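Next comes coords_18.cif, a file with mmCIF, C-alpha atoms and all ligand atoms.
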```cif
data_structure
#
loop_
_atom_site.label_atom_id
_atom_site.label_comp_id
_atom_site.auth_asym_id
_atom_site.auth_seq_id
_atom_site.Cartn_x
_atom_site.Cartn_y
_atom_site.Cartn_z
CA MET A 1 -18.76 19.82 1.73
CA ALA A 2 -16.79 21.42 4.62
CA THR A 3 -13.03 21.24 4.22
CA LEU A 4 -11.42 18.75 6.59
CA SER A 5 -8.24 19.93 8.33
CA GLY A 6 -5.52 17.33 8.20
CA ALA A 7 -1.93 17.02 9.39
CA LEU A 8 0.84 14.92 7.91
CA ILE A 9 3.48 13.23 10.07
CA GLY A 10 6.70 12.16 8.35
CA CYS A 11 7.97 14.43 5.57
CA GLY A 12 10.26 11.92 3.85
CA PHE A 13 10.65 10.38 0.40
CA PHE A 14 7.08 9.20 -0.18
CA ALA A 15 5.23 11.90 1.77
CA VAL A 16 5.91 14.37 -1.03
CA ASN A 17 3.48 12.37 -3.21
CA GLN A 18 0.91 12.46 -0.42
CA MET A 19 1.30 16.23 -0.07
CA HIS A 20 0.79 16.68 -3.84
CA GLY A 21 -2.27 14.45 -3.59
CA TRP A 22 -3.81 16.45 -0.75
CA ARG A 23 -3.29 19.70 -2.66
CA ASP A 24 -5.51 18.37 -5.48
CA ILE A 25 -8.31 17.03 -3.28
CA VAL A 26 -11.52 18.95 -2.77
CA GLY A 27 -12.84 18.59 0.78
CA ALA A 28 -9.55 18.27 2.66
CA SER A 29 -6.36 20.22 3.15
CA ILE A 30 -3.17 19.80 5.14
CA VAL A 31 -2.90 22.54 7.75
CA ALA A 32 0.13 21.29 9.71
CA ILE A 33 3.09 19.00 9.20
CA CYS A 34 5.45 17.17 11.55
CA ASP A 35 8.85 15.55 11.17
CA ARG A 36 11.44 14.96 13.85
CA ASP A 37 14.05 15.96 11.24
CA PRO A 38 13.97 19.79 10.94
CA GLU A 39 15.58 19.64 7.51
CA ARG A 40 12.77 17.49 6.03
CA LEU A 41 10.23 19.70 7.80
CA LYS A 42 11.65 22.78 6.11
CA ILE A 43 11.90 21.19 2.65
CA VAL A 44 8.28 19.97 2.63
CA GLY A 45 6.91 23.01 4.52
CA ASP A 46 8.51 25.40 2.01
CA GLN A 47 7.53 23.31 -1.04
CA PHE A 48 3.85 23.15 -0.05
CA GLY A 49 3.56 26.48 1.82
CA ILE A 50 2.66 24.96 5.20
CA ALA A 51 3.44 27.40 8.02
CA LYS A 52 2.52 25.22 11.00
CA ARG A 53 5.47 22.88 11.52
CA TYR A 54 6.26 20.57 14.43
CA THR A 55 9.16 18.30 15.32
CA ASP A 56 7.05 16.53 17.96
CA ALA A 57 3.75 14.83 17.07
CA ALA A 58 2.33 15.07 20.62
CA GLU A 59 2.88 18.80 20.57
CA MET A 60 1.10 19.04 17.22
CA PHE A 61 -1.95 17.13 18.49
CA ALA A 62 -2.04 19.38 21.57
CA SER A 63 -1.87 22.59 19.51
CA GLU A 64 -3.98 21.84 16.42
CA LYS A 65 -7.66 21.07 15.91
CA LEU A 66 -7.48 18.22 13.41
CA ASP A 67 -10.11 16.25 11.49
CA PHE A 68 -7.55 13.61 10.47
CA VAL A 69 -3.86 12.76 10.46
CA ASP A 70 -1.88 11.15 7.65
CA ILE A 71 1.03 9.10 9.07
CA ALA A 72 3.79 8.74 6.45
CA THR A 73 6.68 7.66 8.71
CA THR A 74 8.50 4.33 8.50
CA VAL A 75 7.10 1.28 10.24
CA VAL A 76 8.59 1.42 13.77
CA SER A 77 6.74 4.64 14.59
CA HIS A 78 3.34 3.54 13.22
CA ARG A 79 1.95 2.04 16.41
CA PRO A 80 2.92 4.90 18.77
CA LEU A 81 1.66 7.50 16.29
CA VAL A 82 -1.66 5.73 15.65
CA GLU A 83 -2.10 5.38 19.42
CA LEU A 84 -1.37 9.09 19.82
CA ALA A 85 -4.01 9.89 17.20
CA THR A 86 -6.48 7.57 18.93
CA ALA A 87 -5.81 9.17 22.33
CA ASN A 88 -6.60 12.54 20.72
CA ARG A 89 -9.70 11.13 18.95
CA VAL A 90 -8.27 12.02 15.53
CA PRO A 91 -9.04 9.68 12.58
CA ALA A 92 -5.81 8.29 11.14
CA ILE A 93 -4.34 7.07 7.88
CA CYS A 94 -1.27 4.91 8.43
CA GLN A 95 1.25 4.04 5.71
CA LYS A 96 2.03 0.41 4.93
CA PRO A 97 3.54 -1.79 6.30
CA PHE A 98 0.90 -1.29 8.98
CA ALA A 99 3.15 -2.37 11.87
CA PRO A 100 6.33 -4.28 12.70
CA THR A 101 4.33 -7.33 13.86
CA LEU A 102 0.80 -8.68 13.52
CA ALA A 103 0.39 -8.32 17.31
CA ASP A 104 1.09 -4.58 17.00
CA ALA A 105 -1.31 -4.27 14.07
CA LYS A 106 -4.08 -6.02 16.03
CA ALA A 107 -3.49 -3.73 19.03
CA MET A 108 -3.75 -0.66 16.76
CA VAL A 109 -7.05 -1.86 15.26
CA GLU A 110 -8.40 -2.67 18.74
CA ALA A 111 -7.42 0.76 20.11
CA CYS A 112 -9.18 2.54 17.22
CA ILE A 113 -12.33 0.40 17.52
CA GLU A 114 -12.51 1.02 21.29
CA ALA A 115 -12.10 4.78 20.80
CA GLY A 116 -14.46 4.86 17.79
CA VAL A 117 -11.71 6.40 15.66
CA PRO A 118 -11.60 5.62 11.89
CA LEU A 119 -8.34 4.02 10.74
CA MET A 120 -7.24 3.39 7.14
CA VAL A 121 -4.01 1.80 5.99
CA HIS A 122 -2.47 3.60 3.00
CA GLU A 123 -2.52 0.39 0.93
CA ASN A 124 -2.68 2.16 -2.40
CA PHE A 125 -1.70 -0.41 -5.05
CA ARG A 126 -5.26 -1.76 -5.40
CA TRP A 127 -6.30 1.82 -6.24
CA GLN A 128 -4.08 1.95 -9.35
CA SER A 129 -6.38 2.43 -12.36
CA PRO A 130 -5.03 -0.65 -14.25
CA ILE A 131 -5.78 -2.82 -11.19
CA GLN A 132 -9.25 -1.26 -10.88
CA ALA A 133 -9.74 -2.08 -14.60
CA VAL A 134 -9.02 -5.76 -13.92
CA ARG A 135 -11.45 -5.72 -11.02
CA ALA A 136 -14.13 -4.16 -13.26
CA VAL A 137 -13.68 -7.04 -15.74
CA LEU A 138 -14.22 -9.59 -12.94
CA ASP A 139 -17.26 -7.67 -11.68
CA SER A 140 -18.75 -7.60 -15.19
CA GLY A 141 -18.95 -11.41 -15.23
CA GLU A 142 -17.26 -11.49 -18.66
CA ILE A 143 -14.77 -14.22 -17.69
CA GLY A 144 -17.10 -16.07 -15.34
CA THR A 145 -15.85 -17.39 -12.00
CA PRO A 146 -12.07 -17.12 -11.53
CA PHE A 147 -10.25 -20.36 -10.71
CA PHE A 148 -6.61 -19.24 -11.17
CA GLY A 149 -4.62 -16.04 -10.76
CA ARG A 150 -1.04 -14.94 -11.15
CA ILE A 151 -0.15 -11.54 -9.72
CA SER A 152 3.41 -10.72 -10.61
CA PHE A 153 5.91 -7.92 -9.91
CA ARG A 154 9.39 -8.57 -11.32
CA SER A 155 11.96 -5.82 -11.73
CA ALA A 156 15.58 -4.78 -11.29
CA TYR A 157 14.75 -1.14 -10.54
CA ASP A 158 17.04 0.50 -7.99
CA VAL A 159 14.64 1.19 -5.14
CA PHE A 160 17.51 1.54 -2.67
CA SER A 161 18.72 4.98 -3.77
CA GLY A 162 15.36 6.60 -2.90
CA GLN A 163 14.66 4.37 0.10
CA PRO A 164 18.05 3.33 1.58
CA TYR A 165 16.39 1.60 4.58
CA LEU A 166 15.09 -1.08 2.20
CA ALA A 167 18.63 -2.46 1.87
CA THR A 168 19.23 -2.83 5.60
CA GLY A 169 16.21 -4.64 7.07
CA LYS A 170 16.21 -8.39 7.69
CA ARG A 171 12.88 -8.43 5.84
CA PHE A 172 12.67 -6.78 2.44
CA ILE A 173 10.56 -7.68 -0.57
CA ILE A 174 7.57 -9.38 1.08
CA GLU A 175 7.24 -6.72 3.77
CA ASP A 176 7.73 -3.73 1.46
CA LEU A 177 6.42 -4.72 -1.97
CA GLY A 178 4.89 -8.17 -1.62
CA ILE A 179 2.46 -6.67 0.88
CA HIS A 180 0.96 -4.62 -1.99
CA VAL A 181 0.86 -7.58 -4.37
CA LEU A 182 -0.71 -9.85 -1.74
CA ASP A 183 -3.32 -7.17 -1.13
CA ILE A 184 -4.08 -7.05 -4.87
CA ALA A 185 -4.55 -10.85 -4.83
CA ARG A 186 -7.05 -10.47 -1.98
CA PHE A 187 -8.76 -7.58 -3.77
CA LEU A 188 -9.22 -9.61 -6.96
CA LEU A 189 -9.72 -13.17 -5.73
CA GLY A 190 -10.88 -12.77 -2.13
CA ASP A 191 -9.52 -13.84 1.23
CA VAL A 192 -6.90 -16.52 1.60
CA SER A 193 -6.92 -19.68 3.70
CA THR A 194 -3.40 -21.08 3.11
CA ILE A 195 -0.06 -19.79 1.81
CA THR A 196 3.13 -21.61 0.81
CA THR A 197 6.27 -19.51 0.29
CA ARG A 198 9.80 -19.72 -1.07
CA THR A 199 12.26 -16.80 -0.86
CA ALA A 200 15.79 -16.02 -2.01
CA ARG A 201 18.34 -13.24 -1.73
CA ILE A 202 20.07 -12.68 -5.07
CA ASN A 203 21.59 -9.23 -4.47
CA PRO A 204 24.47 -9.78 -1.99
CA ALA A 205 24.56 -6.08 -1.05
CA ILE A 206 21.25 -6.14 0.83
CA ALA A 207 20.21 -7.79 4.10
CA GLY A 208 16.77 -9.17 3.26
CA GLU A 209 15.14 -11.38 0.63
CA ASP A 210 14.67 -9.85 -2.82
CA VAL A 211 12.73 -12.73 -4.41
CA ALA A 212 9.53 -14.34 -3.13
CA THR A 213 7.16 -16.86 -4.69
CA MET A 214 3.87 -17.54 -2.93
CA LEU A 215 1.14 -20.08 -3.69
CA MET A 216 -2.24 -19.34 -2.14
CA ASP A 217 -5.62 -21.05 -1.64
CA HIS A 218 -8.47 -18.53 -1.68
CA ASP A 219 -11.73 -19.10 0.22
CA SER A 220 -13.51 -18.88 -3.17
CA GLY A 221 -11.73 -22.06 -4.30
CA ALA A 222 -9.37 -20.18 -6.63
CA THR A 223 -5.61 -20.78 -6.53
CA SER A 224 -3.14 -17.94 -7.05
CA VAL A 225 0.57 -17.42 -7.45
CA VAL A 226 2.02 -14.14 -6.20
CA ASP A 227 5.60 -13.70 -7.38
CA CYS A 228 7.86 -10.75 -6.62
CA SER A 229 11.46 -10.01 -7.52
CA TYR A 230 13.86 -7.08 -7.47
CA ALA A 231 16.54 -9.27 -9.05
CA THR A 232 14.97 -9.63 -12.50
CA LYS A 233 16.67 -7.73 -15.32
CA LEU A 234 14.38 -7.44 -18.34
CA ALA A 235 14.74 -5.93 -21.81
CA THR A 236 12.29 -3.17 -20.84
CA GLU A 237 12.21 -2.38 -17.12
CA PRO A 238 8.57 -2.73 -15.99
CA PHE A 239 8.80 -0.93 -12.60
CA PRO A 240 6.35 -0.36 -10.96
CA GLU A 241 3.85 -2.38 -12.98
CA THR A 242 2.00 -5.31 -11.45
CA LEU A 243 1.18 -7.87 -14.14
CA ILE A 244 -1.91 -10.01 -13.83
CA GLU A 245 -3.28 -13.22 -15.32
CA ILE A 246 -6.68 -14.48 -14.22
CA ASP A 247 -8.45 -17.49 -15.70
CA GLY A 248 -12.20 -17.87 -15.20
CA ASP A 249 -14.60 -20.60 -16.24
CA ALA A 250 -15.83 -18.38 -19.12
CA GLY A 251 -12.62 -16.63 -20.19
CA THR A 252 -9.41 -14.88 -19.19
CA VAL A 253 -8.04 -11.45 -18.37
CA ARG A 254 -4.40 -10.43 -18.86
CA LEU A 255 -2.81 -7.17 -17.68
CA ALA A 256 0.48 -7.16 -19.58
CA GLN A 257 3.53 -4.90 -19.48
CA GLY A 258 2.78 -1.51 -21.00
CA TYR A 259 -0.65 -1.46 -19.31
CA ARG A 260 -2.24 -3.61 -22.03
CA LEU A 261 -5.45 -5.27 -20.95
CA THR A 262 -6.70 -8.27 -22.91
CA VAL A 263 -10.05 -9.78 -22.06
CA THR A 264 -11.26 -12.97 -23.71
CA GLY A 265 -14.72 -13.90 -22.59
CA LYS A 266 -18.38 -14.28 -23.38
CA SER A 267 -18.28 -11.45 -25.95
CA GLY A 268 -15.00 -12.40 -27.66
CA THR A 269 -11.60 -10.74 -27.26
CA ALA A 270 -11.03 -7.05 -26.49
CA VAL A 271 -7.66 -5.34 -26.10
CA SER A 272 -7.39 -1.94 -24.45
CA ASP A 273 -4.79 0.48 -23.12
CA VAL A 274 -5.35 1.04 -19.40
CA SER A 275 -2.32 3.30 -18.84
CA PRO A 276 -2.69 5.46 -15.75
CA PRO A 277 -2.92 9.21 -16.32
CA LEU A 278 0.24 11.27 -15.82
CA LEU A 279 -0.84 13.81 -13.21
CA PRO A 280 0.69 17.30 -13.65
CA TRP A 281 3.05 16.83 -10.68
CA ALA A 282 3.86 13.16 -11.35
CA SER A 283 6.91 11.65 -13.01
CA ARG A 284 7.43 8.40 -14.92
CA PRO A 285 7.71 5.57 -14.00
CA TRP A 286 6.19 6.44 -10.60
CA HIS A 287 3.02 7.99 -12.09
CA ASN A 288 1.11 4.72 -11.65
CA ILE A 289 1.75 4.75 -7.89
CA GLN A 290 1.32 8.52 -7.66
CA GLU A 291 -2.13 8.37 -9.24
CA SER A 292 -3.19 5.71 -6.73
CA VAL A 293 -2.21 8.02 -3.85
CA VAL A 294 -4.79 10.56 -4.99
CA ALA A 295 -7.40 7.81 -5.43
CA ILE A 296 -6.96 6.41 -1.91
CA GLN A 297 -6.94 9.88 -0.37
CA LYS A 298 -10.22 10.73 -2.16
CA HIS A 299 -11.67 7.48 -0.86
CA TRP A 300 -10.66 8.45 2.70
CA VAL A 301 -12.35 11.85 2.44
CA GLU A 302 -15.53 10.23 1.07
CA CYS A 303 -15.53 7.64 3.86
CA LEU A 304 -15.12 10.31 6.55
CA ALA A 305 -17.93 12.35 5.00
CA LYS A 306 -20.30 9.37 4.79
CA GLY A 307 -19.18 7.64 7.98
CA THR A 308 -18.35 4.42 6.07
CA GLU A 309 -15.43 2.03 6.57
CA PRO A 310 -12.52 2.47 4.12
CA ALA A 311 -11.82 -0.47 1.79
CA THR A 312 -8.36 -0.79 3.32
CA SER A 313 -9.40 -0.11 6.91
CA GLY A 314 -7.11 -1.28 9.70
CA ALA A 315 -9.38 -4.29 10.20
CA ASP A 316 -9.22 -5.20 6.50
CA ASN A 317 -5.47 -4.78 6.39
CA LEU A 318 -4.97 -7.31 9.20
CA LYS A 319 -5.85 -9.94 6.57
CA THR A 320 -3.18 -8.66 4.19
CA PHE A 321 -0.65 -8.25 6.99
CA ALA A 322 -1.34 -11.80 8.19
CA LEU A 323 -0.28 -13.00 4.72
CA VAL A 324 3.05 -11.21 5.15
CA GLU A 325 3.64 -12.81 8.55
CA ALA A 326 2.54 -16.19 7.22
CA ALA A 327 4.80 -15.88 4.18
CA TYR A 328 7.87 -15.29 6.36
CA ALA A 329 6.90 -18.12 8.71
CA GLY A 330 6.29 -20.48 5.79
CA ALA A 331 9.52 -19.49 4.02
CA ALA A 332 11.40 -20.40 7.21
CA SER A 333 9.59 -23.68 7.86
CA ARG A 334 9.03 -24.57 4.17
CA GLN A 335 5.51 -25.59 5.25
CA PRO A 336 2.11 -24.21 4.20
CA VAL A 337 0.68 -21.78 6.77
CA GLN A 338 -3.05 -21.48 7.67
CA ILE A 339 -4.17 -17.85 7.78
CA ASP A 340 -7.21 -18.26 10.06
CA ALA A 341 -4.97 -19.38 12.90
CA LEU A 342 -3.20 -16.01 12.81
CA LEU A 343 -6.27 -13.76 12.82
P1 LIG B 401 11.61 8.17 4.79
O1 LIG B 401 12.60 7.61 5.74
O2 LIG B 401 12.10 8.86 3.55
O3 LIG B 401 10.67 9.21 5.54
C1 LIG B 401 10.15 9.00 6.82
C2 LIG B 401 10.15 10.34 7.54
O4 LIG B 401 9.48 10.16 8.78
C3 LIG B 401 11.56 10.85 7.86
O5 LIG B 401 11.69 12.18 7.39
C4 LIG B 401 11.64 10.78 9.38
O6 LIG B 401 12.43 11.80 9.96
C5 LIG B 401 10.18 10.89 9.78
N1 LIG B 401 9.84 10.29 11.08
C6 LIG B 401 10.11 9.02 11.49
N2 LIG B 401 9.59 8.81 12.73
C7 LIG B 401 8.98 9.97 13.10
C8 LIG B 401 8.27 10.38 14.25
N3 LIG B 401 8.06 9.55 15.28
N4 LIG B 401 7.77 11.64 14.28
C9 LIG B 401 7.98 12.49 13.25
N5 LIG B 401 8.66 12.16 12.13
C10 LIG B 401 9.15 10.91 12.05
O7 LIG B 401 10.63 6.98 4.42
P2 LIG B 401 9.70 6.82 3.12
O8 LIG B 401 10.44 6.11 2.07
O9 LIG B 401 9.03 8.11 2.83
O10 LIG B 401 8.63 5.75 3.67
C11 LIG B 401 7.68 6.12 4.63
C12 LIG B 401 6.60 5.05 4.68
O11 LIG B 401 5.95 5.04 3.41
C13 LIG B 401 7.14 3.64 4.89
O12 LIG B 401 6.28 2.95 5.75
C14 LIG B 401 7.13 3.02 3.48
O13 LIG B 401 6.95 1.62 3.46
C15 LIG B 401 5.95 3.71 2.88
N6 LIG B 401 5.97 3.80 1.42
C16 LIG B 401 4.79 3.55 0.80
C17 LIG B 401 4.72 3.60 -0.56
C18 LIG B 401 3.39 3.32 -1.21
O14 LIG B 401 3.27 3.26 -2.42
N7 LIG B 401 2.34 3.13 -0.42
C19 LIG B 401 5.84 3.92 -1.32
C20 LIG B 401 7.02 4.20 -0.65
C21 LIG B 401 7.07 4.15 0.74
O1 LIG B 402 5.37 1.05 -2.83
C1 LIG B 402 6.25 0.90 -2.02
O2 LIG B 402 5.96 0.58 -0.91
C2 LIG B 402 7.69 1.20 -2.38
C3 LIG B 402 8.25 0.47 -3.55
C4 LIG B 402 7.35 0.48 -4.77
C5 LIG B 402 9.60 1.01 -3.92
O3 LIG B 402 8.43 -0.86 -3.17
O4 LIG B 402 8.49 0.99 -1.25
#
```

In structure tokens, write the structure found in this file.
Amino acid sequence: MATLSGALIGCGFFAVNQMHGWRDIVGASIVAICDRDPERLKIVGDQFGIAKRYTDAAEMFASEKLDFVDIATTVVSHRPLVELATANRVPAICQKPFAPTLADAKAMVEACIEAGVPLMVHENFRWQSPIQAVRAVLDSGEIGTPFFGRISFRSAYDVFSGQPYLATGKRFIIEDLGIHVLDIARFLLGDVSTITTRTARINPAIAGEDVATMLMDHDSGATSVVDCSYATKLATEPFPETLIEIDGDAGTVRLAQGYRLTVTGKSGTAVSDVSPPLLPWASRPWHNIQESVVAIQKHWVECLAKGTEPATSGADNLKTFALVEAAYAGAASRQPVQIDALL
């Protein structure tokens, strides 16, 4: 397979994981990087030995011959950068949250479809190996047809020291973390027709909500609860584990803290350890997320090679992003929100 030449835009906190990921992937390599902050450009360029460095993305597109671009900036720059990639006919990966608004996200998807440019949202949580293990149980038929799910992320981990912007936005946990958990709910139980949401801000030092509880109707007929909190102090801090309970008409699956998977179904009960591997460059407790970065990047390279649509394409992610918008609207109105009306 020919090696694809990629560029990364945004050399901040999370991009370091993406750069490690690219270094390990056969079939693609990062040949240029861009950050408007020269200090971040130098840190990441020196760490990963990338000589071609740009402070302006337009200049990079004009100077480099790229097979893809990996956009790892924060949300306000996503639409202009995806549009720049599209104008240059360069396939793009865009970090979550996809865009500041659903209208922006739709415009980005439209622009890429019109230009025939592949677009994937870096929605990596569903690629975590414990989440994939739950999906494999559902696919096996062992628990029958799911009728209930609880997808839960509760923690008191200090995310603000690594990502200070998370403390300042009017929107916090649904937009930043809930978006992943909502996507997992879609991945496991299918698309959603209605969402009802309650939020709270427990930490007085931040601007946005740090607790969200969402009740969803899935098109399959299943009901799910997605609950997220960064205000939950526990005996053993579970960050960044997503815990899962799914009940089917023939059994149950539980993904419990410590990556313990319990399946009770047609063949009895089986308990297994589905801990993610600790990659050589990874560090606990982030190794779960770090592993999923490599998995989604591999998926992108395979999709480009085969000409297939990524699982978390821009078009797919509109359905996850619509849940975020609907959750905020429903939290404000205290009314259920229909998803179809937004798409
Ligand atoms: P950050 O602020 O640490 O880094 C962003 C970098 O982008 C900064 O260095 C900034 O100078 C640069 N930048 C911004 N606009 C630019 C532009 N127009 N051109 C060039 N450079 C530009 O942010 P972060 O914490 O690394 O988060 C980046 C994105 O990754 C966010 O969207 C965040 O939600 C997402 N994120 C995803 C995960 C995940 O697991 N998928 C985890 C953490 C963060
Ligand atoms: O995955 C993320 O998007 C991160 C974190 C896990 C801290 O919420 O921002």

Which residue, A:Pro146, A:Glu309, A:Gly265, A:Ala207, has the smallest gap to Ala222 of chain A when you use all atoms listed in the file?
A:Pro146

Near-Leu234 of chain A list (10 Å; all atoms listed in the file; drop same-chain fewer than 5 positions) as a ChimeraX atom specification:
/A:154-156

Kindly provide, as a PDB file with C-alpha atoms, in the frame of the given file, all nucleotide and amino acid residues lying within 9 Å of ligand LIG 402 (chain B), counting all atoms listed in the file.
```
ATOM      1  CA  PHE A  14       7.080   9.200  -0.180  1.00  0.00           C
ATOM      2  CA  GLN A  95       1.250   4.040   5.710  1.00  0.00           C
ATOM      3  CA  LYS A  96       2.030   0.410   4.930  1.00  0.00           C
ATOM      4  CA  PRO A  97       3.540  -1.790   6.300  1.00  0.00           C
ATOM      5  CA  GLU A 123      -2.520   0.390   0.930  1.00  0.00           C
ATOM      6  CA  ASN A 124      -2.680   2.160  -2.400  1.00  0.00           C
ATOM      7  CA  PHE A 125      -1.700  -0.410  -5.050  1.00  0.00           C
ATOM      8  CA  TYR A 157      14.750  -1.140 -10.540  1.00  0.00           C
ATOM      9  CA  ASP A 158      17.040   0.500  -7.990  1.00  0.00           C
ATOM     10  CA  VAL A 159      14.640   1.190  -5.140  1.00  0.00           C
ATOM     11  CA  PHE A 160      17.510   1.540  -2.670  1.00  0.00           C
ATOM     12  CA  GLY A 162      15.360   6.600  -2.900  1.00  0.00           C
ATOM     13  CA  GLN A 163      14.660   4.370   0.100  1.00  0.00           C
ATOM     14  CA  LEU A 166      15.090  -1.080   2.200  1.00  0.00           C
ATOM     15  CA  ILE A 173      10.560  -7.680  -0.570  1.00  0.00           C
ATOM     16  CA  GLU A 175       7.240  -6.720   3.770  1.00  0.00           C
ATOM     17  CA  ASP A 176       7.730  -3.730   1.460  1.00  0.00           C
ATOM     18  CA  LEU A 177       6.420  -4.720  -1.970  1.00  0.00           C
ATOM     19  CA  GLY A 178       4.890  -8.170  -1.620  1.00  0.00           C
ATOM     20  CA  ILE A 179       2.460  -6.670   0.880  1.00  0.00           C
ATOM     21  CA  HIS A 180       0.960  -4.620  -1.990  1.00  0.00           C
ATOM     22  CA  PHE A 239       8.800  -0.930 -12.600  1.00  0.00           C
ATOM     23  CA  PRO A 240       6.350  -0.360 -10.960  1.00  0.00           C
ATOM     24  CA  TRP A 286       6.190   6.440 -10.600  1.00  0.00           C
ATOM     25  CA  ILE A 289       1.750   4.750  -7.890  1.00  0.00           C
TER      26      ILE A 289
END
```

Between A:Arg198, A:Lys106, A:His287, A:Arg186, which residue has the minimum interatomic distance to ligand LIG 401 (chain B), considering all atoms listed in the file?
A:His287

Counting only C-alpha atoms, which residue out of A:Leu279, A:Arg89, A:Arg79, A:Leu4 sits closest to Val293 of chain A?
A:Leu279

Between A:Lys233, A:Arg126, A:His20, A:Lys52, smallest distance to ligand LIG 401 (chain B) by only C-alpha atoms and all ligand atoms belongs to A:Arg126

Counting only C-alpha atoms, the residue among A:Tyr259, A:Phe153, A:Phe172, A:Tyr230 that lies closest to Glu209 of chain A is A:Phe172

Protein and nucleic residues near ligand LIG 401 (chain B), 9 Å, all atoms listed in the file, as a PyMOL selection string:
chain A and resi 9-17+34-41+54-57+71-78+80-81+94-99+122-125+162-166+175-177+180+289-290+292-293

I need the chosen residues saved as a short mmCIF file (atom, residue, chain, number, x, y, z; two decimals), in the frame of the given file, with C-alpha atoms.
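After the write, again.cif holds the following:
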```cif
data_model
loop_
_atom_site.label_atom_id
_atom_site.label_comp_id
_atom_site.auth_asym_id
_atom_site.auth_seq_id
_atom_site.Cartn_x
_atom_site.Cartn_y
_atom_site.Cartn_z
CA ILE A 9 3.48 13.23 10.07
CA GLY A 10 6.70 12.16 8.35
CA CYS A 11 7.97 14.43 5.57
CA GLY A 12 10.26 11.92 3.85
CA PHE A 13 10.65 10.38 0.40
CA PHE A 14 7.08 9.20 -0.18
CA ALA A 15 5.23 11.90 1.77
CA VAL A 16 5.91 14.37 -1.03
CA ASN A 17 3.48 12.37 -3.21
CA CYS A 34 5.45 17.17 11.55
CA ASP A 35 8.85 15.55 11.17
CA ARG A 36 11.44 14.96 13.85
CA ASP A 37 14.05 15.96 11.24
CA PRO A 38 13.97 19.79 10.94
CA GLU A 39 15.58 19.64 7.51
CA ARG A 40 12.77 17.49 6.03
CA LEU A 41 10.23 19.70 7.80
CA TYR A 54 6.26 20.57 14.43
CA THR A 55 9.16 18.30 15.32
CA ASP A 56 7.05 16.53 17.96
CA ALA A 57 3.75 14.83 17.07
CA ILE A 71 1.03 9.10 9.07
CA ALA A 72 3.79 8.74 6.45
CA THR A 73 6.68 7.66 8.71
CA THR A 74 8.50 4.33 8.50
CA VAL A 75 7.10 1.28 10.24
CA VAL A 76 8.59 1.42 13.77
CA SER A 77 6.74 4.64 14.59
CA HIS A 78 3.34 3.54 13.22
CA PRO A 80 2.92 4.90 18.77
CA LEU A 81 1.66 7.50 16.29
CA CYS A 94 -1.27 4.91 8.43
CA GLN A 95 1.25 4.04 5.71
CA LYS A 96 2.03 0.41 4.93
CA PRO A 97 3.54 -1.79 6.30
CA PHE A 98 0.90 -1.29 8.98
CA ALA A 99 3.15 -2.37 11.87
CA HIS A 122 -2.47 3.60 3.00
CA GLU A 123 -2.52 0.39 0.93
CA ASN A 124 -2.68 2.16 -2.40
CA PHE A 125 -1.70 -0.41 -5.05
CA GLY A 162 15.36 6.60 -2.90
CA GLN A 163 14.66 4.37 0.10
CA PRO A 164 18.05 3.33 1.58
CA TYR A 165 16.39 1.60 4.58
CA LEU A 166 15.09 -1.08 2.20
CA GLU A 175 7.24 -6.72 3.77
CA ASP A 176 7.73 -3.73 1.46
CA LEU A 177 6.42 -4.72 -1.97
CA HIS A 180 0.96 -4.62 -1.99
CA ILE A 289 1.75 4.75 -7.89
CA GLN A 290 1.32 8.52 -7.66
CA SER A 292 -3.19 5.71 -6.73
CA VAL A 293 -2.21 8.02 -3.85
#
```

Tell me, in Å to one decimal, how far atom CA of Phe187 of chain A is from atom CA of Val271 of chain A.
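If I compute the distance from atom CA of Phe187 of chain A to atom CA of Val271 of chain A, I get 22.5 Å.
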
Have a look at A:Pro100, A:Pro276, A:Gly27, A:Gly248 and name the one nearest to Arg260 of chain A; count all atoms listed in the file.
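Selected residue with least distance to Arg260 of chain A: A:Pro276.
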
Measure the distance from atom CA of Ala62 of chain A to atom CA of Met19 of chain A in Å and round it to one decimal.
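Result for atom CA of Ala62 of chain A versus atom CA of Met19 of chain A: 22.1 Å, one decimal.
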
With all atoms listed in the file as the counted atoms, please give the residues lying no more than 12 Å from Asp273 of chain A, apart from itself and same-chain residues fewer than 3 positions off, as a list in words.
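The neighbour list is Ser129, Pro130, Ala133, Val134, Arg254, Leu255, Ala256, Gln257, Gly258, Tyr259, Arg260, Leu261, Thr262, Val263, Ala270, Pro276 and Pro277 of chain A.
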